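What follows is a short report on a single structure.
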Amino acid sequence: MAIKTTETKAGGTYSAKDIQVLEGLEAVRRRPGMYIGTTDLRGLHHLIREVLDNSIDEAMNGTCDRIDVTIHADKTITVADNGRGIPTDIQKQTGKSALEVVHTILHAGGKFGGAGYKVSGGLHGVGVSVVNALSTWLRVEVHRDGKVFEQTYERGKPTSKVKQIAKGKFAPPALIWKERPNPTGTITTFTPDPEMFPVIEWDAAIVVQWLRETAYLNKGLWLSLHDERTGGDESFYFDGGVVSFVRHLNKSVQPLHRPVYVERSFENDTVVEASLQYNDSFGEKVHTFANNINTMDGGAHLTGFRTALTRTINAHARKISALKEADPNLTAEDVREGLTAVISIKIKEPQFEGQTKTRLGNAEVQGQVASAVNDALGTFLEENPQDARRIVEKCLTAFRAREAARKARDLVLRKGALDGFSLPGKLADCSERSAERSELVIVEGDSAGGSAKQGRDRRFQAILPLRGKILNVEKARADKMLGNEEIRAIITALGTGIGDFFDMSKLRYGKTILLADADVDGSHIRTLLLTLLYRHFRPLIDAGRVFIGQPPLYRLQLGREVRWAYSDSERDKAIKELKSLAAKRRDDRKKTTKAKGKGAKGEAEAEAEAAEAASASTDEGTDDGKGGRDPAIARYKGLGEMNADQLWETTLNPATRTLRRVTLEDAEKADEVFDELMGNEVEGRKKWIMANAKKAALDV
Ligand code: 0RA
């Protein structure tokens, strides 16, 4: 069948090619989730990431050293870089400008046959055309060869040709930086489509996190966020690259030596960069990246790193006779305590695996990372005998402590303290025996725990109240940890055992729900619990089985109508809703009263009656001075203030409650805050408390 050609406004014709293009972008709009995962706030922020990644690719290529992101007051986003500028010349296959092609054809993003790029971030690379399709409006400005070009689009379709303009519309710092005579670069501005994204609220913290991480991973690259909503400006630039990253991660603990650093390029263009530094804590922080993408589930580069670390430290320990001939080798476990490391590799064709595509698959990388780390760490230990001794001692202590902990744990296990037979006394268990259908609610405080026990559905909800703060697992060793009553209660209630002994098949509840107040203390307890779960029950988090319960912040009442609000904006919405409901009722009553008493009563009389009827049923709320009433608003300070029914209605009832699933990122963040809060360094703790005292004041 011949494809019909249709006249376009511009006077050209639509061809089969154009139809394909439109169908491609239409597909993105029909199923945005397929391209960006979700259309919630996460998906929304993905748009920035997508555009940003193209500029970062340009930086990785060595042809861009500054990127500016701007959040405009009207929610529009601009990303500007001082790279070479996206090519604007006509492409043979399509007969169109390359600039238009990358913005309108799916999967045409950036990789121009490999000539322009060495490496590129593969994970997010769905291409800027996806961002374009999901924006009501997008404009790109390119500076190249002393000229300026622009093109605009609406919902992915060009609304102009690629045309040369006299002068740039913007002067982003990236371009005027360093006062180059002929600056080059790309400036992209877009407005996300509210038809695609129900909520458009930018979170500067998310962008700042990416910019900081990217700056660490690309030394010499300058990245800024300009937030025009607040006037906030933040810039990141690190000469030290991953060394600066490691120093940052260790800022609240005492390091044992200067960071070890290695950078090496291999024949296939793979570049390995790594830094490591031991500190006096017991935790481990190892972050791995491939092409700037956080490979949260590790992979070949992490395996190579661990192998090299264990091998090199063992070899050195034997050499200096810290390990005798009869001693067993230190294990990978033993060399983890107090280790902070960042491994960043740049690779031509990254293979990302796993459900969330956050594990690096490329097998050849393992040997490359191992050999780079072997050589660098070997040399470091050789040349710094005092540091070497401290590192080896640290690992030996870990080995001895682990042995002691194992013995203590065996003892505890043998005593049956962790068996299903001795469930904690304060656990109010549910009658349901199937884990899939039941849930454990861990509640802060005995009094809230009491309400929860009364208010729950005892068929499937078990309640475990916790008294005060649980033990600081960062500092405590495993044996001491198991001696803590609150922690033991959690372990026995969950039933899985911990660490090496963790067994998912023994899990007693499908969901674990953490319930704490929405204040500073509550957030402290949540942090403690998340850290415990992160370090000792990580498979539960990985499986998405941990949730944070959300108690409401407000109770609103007008007449008999009650609403709960979980945020300030929800509160404002509820006020409006209640008032319009009340107004409508007044109107209805007025009408019926009028209808009934037609002719018998005057209008004023009827109205008075209606008002009376309204106020008779209104024992809550106050006059708003306009003949209506304002709802009574109570601010909930804590779970303890709610009675059993209210707790059920707002927080426990699956039909009406809000739960937030804990992600690995949440848990990692908690772990970091925890370090700052609880690590050995008093200074960091002081700073955190001071910084948060402000927030705390706003909380009441
Ligand atoms: C491929 C080739 C060239 C530039 C780019 C891609 C490029 C793409 C983006 C996306 C955002 N910023 C960008 N900057 C550059 C140029 C090839 C050449 O000049 O020879």
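Please note that chains go A, B, ... in the order of the structure tokens, that every chain numbers its residues from 1, and that ligands are numbered from 1 in the order shown.
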Practice prompt. Give the residues close to ligand 1, within 10 Å, counting only C-alpha atoms and all ligand atoms; write them as number ranges by chain.
Written response: A: 50-59, 61, 63-64, 67, 79-88, 98-99, 102, 109-117, 127-128, 140, 142-145, 184-188
Discussion item. Please identify the alpha helix (DSSP H) residues within stretch 171-240 of chain A (assignment by DSSP from backbone atoms) and present them as a list in words.
Written reply: Pro173, Ala174, Leu175, Ile176, Ala204, Ala205, Ile206, Val207, Val208, Gln209, Trp210, Leu211, Arg212, Glu213, Thr214, Ala215, Tyr216 and Leu217 of chain A
Worksheet item: If we count only C-alpha atoms, what is near A:Leu249 at a cut-off of 9 Å, once residues fewer than 5 positions away on the same chain are taken out, given as number ranges by chain?
Response: A: 244, 285, 340-341, 672
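In this comparison, which uses only C-alpha atoms, the residue of A:Ala322, A:Leu309, A:Ala452, A:Leu47 approaching A:Ala274 most closely is A:Leu309.
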Item to complete: Pick out the closest residue to A:Asp327 from this set: A:Asp503, A:Arg389, A:Gly367, A:Leu396. Count only C-alpha atoms.
Response: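 Answer, going by the shortest atom-to-atom distance: A:Leu396.
For the choices A:Pro551, A:Lys579, A:Val208, A:Ser567, the atom-to-atom distance to A:Arg657 is smallest for A:Pro551 when using only C-alpha atoms.
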Worksheet item: Residues at most 12 Å from A:Leu323, counting only C-alpha atoms, excluding those fewer than 3 positions away in the same chain, as a list in words?
Response: Ile313, Asn314, Ala315, His316, Ala317, Arg318, Lys319, Ile320, Ala326, Asp327, Pro328, Asn329, Leu330, Arg389, Val392, Glu393, Cys395, Leu396 and Phe399 of chain A
Worksheet item: Could you pull the residues within 12 Å of A:Lys163, counting only C-alpha atoms, minus those fewer than 4 positions along the same chain, as an MDAnalysis selection string?
Response: chainID A and resid 88:89 97 99:100 139:143 147:152 158:159 167
Neighbour list for A:Arg359 as a PDB file with N, CA and C atoms, in the first residue's frame, cut-off 9 Å, only C-alpha atoms, skip fewer than 2 positions in-chain:
```pdb
ATOM      1  N   ASN A 294      25.895   4.696  39.094  1.00  0.00           N
ATOM      2  CA  ASN A 294      26.082   4.031  40.374  1.00  0.00           C
ATOM      3  C   ASN A 294      25.646   2.579  40.245  1.00  0.00           C
ATOM      4  N   THR A 295      26.612   1.665  40.230  1.00  0.00           N
ATOM      5  CA  THR A 295      26.285   0.242  40.116  1.00  0.00           C
ATOM      6  C   THR A 295      26.074  -0.285  41.525  1.00  0.00           C
ATOM      7  N   MET A 296      24.866  -0.086  42.011  1.00  0.00           N
ATOM      8  CA  MET A 296      24.557  -0.382  43.404  1.00  0.00           C
ATOM      9  C   MET A 296      24.698  -1.868  43.714  1.00  0.00           C
ATOM     10  N   ASP A 297      24.500  -2.713  42.703  1.00  0.00           N
ATOM     11  CA  ASP A 297      24.615  -4.150  42.950  1.00  0.00           C
ATOM     12  C   ASP A 297      25.985  -4.692  42.557  1.00  0.00           C
ATOM     13  N   GLY A 298      26.960  -3.799  42.416  1.00  0.00           N
ATOM     14  CA  GLY A 298      28.330  -4.235  42.187  1.00  0.00           C
ATOM     15  C   GLY A 298      28.538  -4.856  40.818  1.00  0.00           C
ATOM     16  N   GLY A 299      29.221  -6.012  40.792  1.00  0.00           N
ATOM     17  CA  GLY A 299      29.507  -6.660  39.517  1.00  0.00           C
ATOM     18  C   GLY A 299      30.991  -6.921  39.379  1.00  0.00           C
ATOM     19  N   ALA A 300      31.435  -7.045  38.116  1.00  0.00           N
ATOM     20  CA  ALA A 300      32.796  -7.481  37.830  1.00  0.00           C
ATOM     21  C   ALA A 300      33.859  -6.570  38.459  1.00  0.00           C
ATOM     22  N   GLN A 351      27.857  -3.486  30.078  1.00  0.00           N
ATOM     23  CA  GLN A 351      26.673  -4.354  30.136  1.00  0.00           C
ATOM     24  C   GLN A 351      26.117  -4.270  31.546  1.00  0.00           C
ATOM     25  N   PHE A 352      24.929  -3.733  31.630  1.00  0.00           N
ATOM     26  CA  PHE A 352      24.302  -3.612  32.949  1.00  0.00           C
ATOM     27  C   PHE A 352      23.295  -4.732  33.121  1.00  0.00           C
ATOM     28  N   GLU A 353      23.393  -5.403  34.254  1.00  0.00           N
ATOM     29  CA  GLU A 353      22.553  -6.572  34.474  1.00  0.00           C
ATOM     30  C   GLU A 353      21.680  -6.410  35.700  1.00  0.00           C
ATOM     31  N   GLY A 354      20.852  -7.424  35.897  1.00  0.00           N
ATOM     32  CA  GLY A 354      19.999  -7.442  37.088  1.00  0.00           C
ATOM     33  C   GLY A 354      18.719  -6.681  36.849  1.00  0.00           C
ATOM     34  N   GLN A 355      17.783  -6.852  37.757  1.00  0.00           N
ATOM     35  CA  GLN A 355      16.463  -6.274  37.571  1.00  0.00           C
ATOM     36  C   GLN A 355      16.508  -4.754  37.447  1.00  0.00           C
ATOM     37  N   THR A 356      17.381  -4.127  38.254  1.00  0.00           N
ATOM     38  CA  THR A 356      17.425  -2.673  38.212  1.00  0.00           C
ATOM     39  C   THR A 356      18.591  -2.167  37.362  1.00  0.00           C
ATOM     40  N   LYS A 357      19.221  -3.100  36.627  1.00  0.00           N
ATOM     41  CA  LYS A 357      20.336  -2.729  35.742  1.00  0.00           C
ATOM     42  C   LYS A 357      21.431  -1.980  36.500  1.00  0.00           C
ATOM     43  N   GLY A 361      28.209  -6.257  34.157  1.00  0.00           N
ATOM     44  CA  GLY A 361      28.392  -7.631  33.716  1.00  0.00           C
ATOM     45  C   GLY A 361      29.733  -7.920  33.041  1.00  0.00           C
TER      46      GLY A 361
END
```
Discussion item. I need the residue nearest A:Leu464 from this list: A:Gly338, A:Gly499, A:Gly156, A:Pro424. Use only C-alpha atoms for the distance.
Written reply: A:Pro424
Fill in: Test item: residues at most 10 Å from A:Phe245, only C-alpha atoms, excluding those fewer than 4 positions along its chain, as a PyMOL selection string
chain A and resi 212-213+215-217+238+240-241+249-251+275-276+287+340-342
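The residue that comes closest to A:Gln646, out of A:Ile498, A:Leu223, A:Val562, A:Ile165 and on the basis of only C-alpha atoms, is A:Val562.
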Worksheet entry | Pick from A:His103, A:Arg545, A:Lys426, A:Arg635, whichever lies nearest to A:Ala565 using only C-alpha atoms | A:Arg635
